[in-house]
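Novice: Okay, here's the structure, questions in a sec.
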Amino acid sequence: MNPIPELNPDVVSLDGLHVIEAGAGTGKTYNITKLYLRLILEGVAEVSQILVVTFTEAATIELRTRLQKELEEWLAKNQGETEERKHCRKALADFDNAPVFTIHGFCRRMLQDHTLESGLRDGLELMGTSEELLQEICRDFYRKYIYGSSDQRLTLWKELGLTPEAFLKNTKALLGKKNIDWPEGCELPEKVERELRRRESLLAQEGEEQEQVKVSYKNLVMRAALAYGEEQFANIKEEKGVLTYDDLLTVMERCLRDPHRGQNFREVIRQQFRYVFVDEFQDTDDIQNSIFTLAFREGLEGATGRGMFLIGDPKQAIYAFRRGDVYTYLDATQEGEKRQLTCNWRSSPEFIAALNKMRERRENFFGLEAISFPEILIPDREEKEKSHLYRGGQIVQEIDCLLNESFCQSQDNAFRQMGKEIQAMVQERR
């Protein structure tokens, strides 16, 4: 695999598709602000034409603050009446409306501002929280199958923990998910009530398979509750004209794909945003990547006056529990001009040296050739005063477990040891 060139924000092309892999502490936000500043100073785009997307509200606040500060500092350092100063002053005057969003915020704005092009019904509102509505739906399901039923069912549901609270927890976890791997025996029948009675009659008889029937019975009820919740939830949202937070992504993707209106919707968005930065791209999932691809990547190759920067680090892809998918990142970044940031400005030289030694001892470190682990560079500058880690009253120069020979032999044990080392250091700092 050929080494990926280091990013130089002062000379890299601003047009086309770019993939920037930025390791921890390598100045990712700094480089985003430098690229953003270039777009403004060179008169390539105005603030309203540069979309910046990240994945948390806190990150959007930080990025917005850093971008504005970069413009202010450049203006203060550069005097004289130049075209660059005119561009910078205008950018600062317009910066209150700078499009710096989370992915959900971006989808919400596009769906609200372009109802005609998207084909979405005008007047749809965003539901603040779906908790209360889902809670009522789960209670309704409980009432539907308990009120007027037999004492046997009431006793059985209590025994198995089939309560509105259990239905709510399950529905919140699985609502909208596809390809759920349901256990055998809980296929949803056309007549749920009839199937419940059939299995209850089996439980009324003595037999060795009682526990197995109870398990399948519980799974069936939980699946029926989810199906009921999904149907009722969709009906109520349609009736009231509201969307939930998660609906923003699915509806946005559907509108972009629409065979009749989708092309026009995509063109309107591209005309509005000529340059796009997607931060923390390693945390994206299939539907988020589909939105970015449909909205911006079509026709990007070889285009002038349009650019897209996907910034992330697959080594930091830790949000699988929130549907983040590193394989989506790897597939999406196969194309484009690739650059990387490897100079760590955050950690001490001793710690960087330890990481590099660990890296040298294991080829294909993450088990995937597509995830590279380049040498981490130490900046050529005088080291600033740092906050050290301590263990036993002594400054820790290198985390021992990173250098332990056993790491290559037993990765699981090494990771456990790392956790213990870090925990001990954190506790001592307290």
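Residue numbering restarts at 1 for every chain of the structure tokens, chains are lettered A, B, ... in their displayed order, and ligands are numbered from 1 as they appear.
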Would you give me, as JSON lines, each residue of range 234-303 of chain A having an atom within 7 Å of an atom of range 92-113 of chain A, along with its shortest atom pair and that distance in Å to one decimal, using only C-alpha atoms and sorting by chain and residue number?

Specialist:
```
{"residue": "A:Leu248", "atom": "CA", "partner": "A:Cys107", "partner_atom": "CA", "distance": 6.0}
{"residue": "A:Leu249", "atom": "CA", "partner": "A:Cys107", "partner_atom": "CA", "distance": 6.6}
{"residue": "A:Met252", "atom": "CA", "partner": "A:Cys107", "partner_atom": "CA", "distance": 6.1}
```

Novice: Include all heavy atoms and write out the residues we just selected as a PDB file, in the first residue's frame.

Specialist:
```
ATOM      1  N   LEU A 248     -35.787  12.401  10.478  1.00  0.00           N
ATOM      2  CA  LEU A 248     -35.143  13.390   9.618  1.00  0.00           C
ATOM      3  C   LEU A 248     -34.210  12.729   8.607  1.00  0.00           C
ATOM      4  O   LEU A 248     -34.166  13.108   7.438  1.00  0.00           O
ATOM      5  CB  LEU A 248     -34.361  14.392  10.471  1.00  0.00           C
ATOM      6  CG  LEU A 248     -35.188  15.353  11.320  1.00  0.00           C
ATOM      7  CD1 LEU A 248     -34.299  16.114  12.292  1.00  0.00           C
ATOM      8  CD2 LEU A 248     -35.952  16.333  10.430  1.00  0.00           C
ATOM      9  N   LEU A 249     -33.464  11.726   9.063  1.00  0.00           N
ATOM     10  CA  LEU A 249     -32.503  11.071   8.180  1.00  0.00           C
ATOM     11  C   LEU A 249     -33.193  10.197   7.143  1.00  0.00           C
ATOM     12  O   LEU A 249     -32.868  10.256   5.947  1.00  0.00           O
ATOM     13  CB  LEU A 249     -31.519  10.233   8.996  1.00  0.00           C
ATOM     14  CG  LEU A 249     -30.708  10.979  10.058  1.00  0.00           C
ATOM     15  CD1 LEU A 249     -29.705  10.034  10.706  1.00  0.00           C
ATOM     16  CD2 LEU A 249     -29.989  12.175   9.463  1.00  0.00           C
ATOM     17  N   MET A 252     -35.146  12.404   4.672  1.00  0.00           N
ATOM     18  CA  MET A 252     -34.215  13.128   3.806  1.00  0.00           C
ATOM     19  C   MET A 252     -33.673  12.210   2.720  1.00  0.00           C
ATOM     20  O   MET A 252     -33.653  12.566   1.530  1.00  0.00           O
ATOM     21  CB  MET A 252     -33.056  13.679   4.653  1.00  0.00           C
ATOM     22  CG  MET A 252     -32.004  14.430   3.854  1.00  0.00           C
ATOM     23  SD  MET A 252     -32.606  16.041   3.302  1.00  0.00           S
ATOM     24  CE  MET A 252     -31.096  16.720   2.586  1.00  0.00           C
TER      25      MET A 252
END
```

Novice: Name the residues in contact with range 281-291 of chain A at a cut-off of 10 Å, using only C-alpha atoms, excluding same-chain residues fewer than 3 positions from it; report them as a ChimeraX atom specification.

Specialist: /A:19-21,53-55,103-104,107,249-250,252-257,266,277-278,294-297,309-320,322-333

Novice: Using DSSP secondary structure from the backbone, list all helix (DSSP H, G or I) positions within range 229-300 of chain A, as a ChimeraX atom specification.

Specialist: /A:229-240,247-257,262-272,281-283,286-297

Novice: Within range 145-277 of chain A, find each residue whose DSSP state, derived from the backbone, is strand (DSSP E), and express the selection as a list in words.

Specialist: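 Those in range 145-277 of chain A that DSSP calls strand (DSSP E) are Val242, Leu243, Tyr275, Val276 and Phe277 of chain A.
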
Novice: Closest to Tyr142 in chain A among A:Leu226, A:Pro183, A:Leu67, A:Pro189, using only C-alpha atoms?

Specialist: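 The answer is A:Leu226, which sits nearest to Tyr142 in chain A.
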
Novice: Taking 3 positions as the minimum chain separation for residues in the same chain, which residues sit within 9 Å of Lys218 in chain A when counting only C-alpha atoms? Answer as a list in words.

Specialist: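 Neighbouring residues, sequence-local ones excluded: Trp157, Leu160, Gly161, Leu162, Cys186, Val213, Lys214, Val215, Val221, Met222 and Arg223 of chain A.
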
Novice: Go ahead and write the selection's residues with C-alpha atoms as a PDB file, in the first residue's frame.

Specialist:
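result_6.pdb, freshly written:
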```pdb
ATOM      1  CA  TRP A 157     -47.484 -11.831  31.667  1.00  0.00           C
ATOM      2  CA  LEU A 160     -42.549 -13.175  32.161  1.00  0.00           C
ATOM      3  CA  GLY A 161     -42.197  -9.430  32.798  1.00  0.00           C
ATOM      4  CA  LEU A 162     -44.484  -8.485  29.906  1.00  0.00           C
ATOM      5  CA  CYS A 186     -41.662 -15.786  17.212  1.00  0.00           C
ATOM      6  CA  VAL A 213     -42.796 -22.605  25.127  1.00  0.00           C
ATOM      7  CA  LYS A 214     -42.624 -19.754  27.656  1.00  0.00           C
ATOM      8  CA  VAL A 215     -39.533 -18.328  25.974  1.00  0.00           C
ATOM      9  CA  VAL A 221     -45.448 -10.932  22.527  1.00  0.00           C
ATOM     10  CA  MET A 222     -42.406  -8.634  22.367  1.00  0.00           C
ATOM     11  CA  ARG A 223     -42.352  -8.835  18.594  1.00  0.00           C
TER      12      ARG A 223
END
```

Novice: Tell me, in Å to one decimal, how far CA of Gly307 in chain A is from CA of Lys90 in chain A.

Specialist: 21.3 Å

Novice: For each of A:Thr293, A:Leu175, A:Phe351, A:Arg362, take the minimum atom-to-atom distance to Gln232 in chain A, counting only C-alpha atoms, then give the residue where this is smallest.

Specialist: A:Leu175

Novice: Got a sec: who's within 10 Å of Glu165 in chain A, counting only C-alpha atoms, leaving out chain neighbours fewer than 6 positions off, as a ChimeraX atom specification?

Specialist: /A:135,138-139,142,171

Novice: Of the candidates A:Glu350, A:Glu6, A:Glu84, A:Glu193, which shows the shortest atom-to-atom distance to Glu42 in chain A, using only C-alpha atoms?

Specialist: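 For Glu42 in chain A, the nearest of the given residues is A:Glu84.
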
Novice: Pick from A:Glu187, A:Glu159, A:Asp15, A:Glu231: nearest to Ile137 in chain A, with only C-alpha atoms counted?

Specialist: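 Ranking A:Glu187, A:Glu159, A:Asp15, A:Glu231 by distance to Ile137 in chain A, first place goes to A:Glu231.
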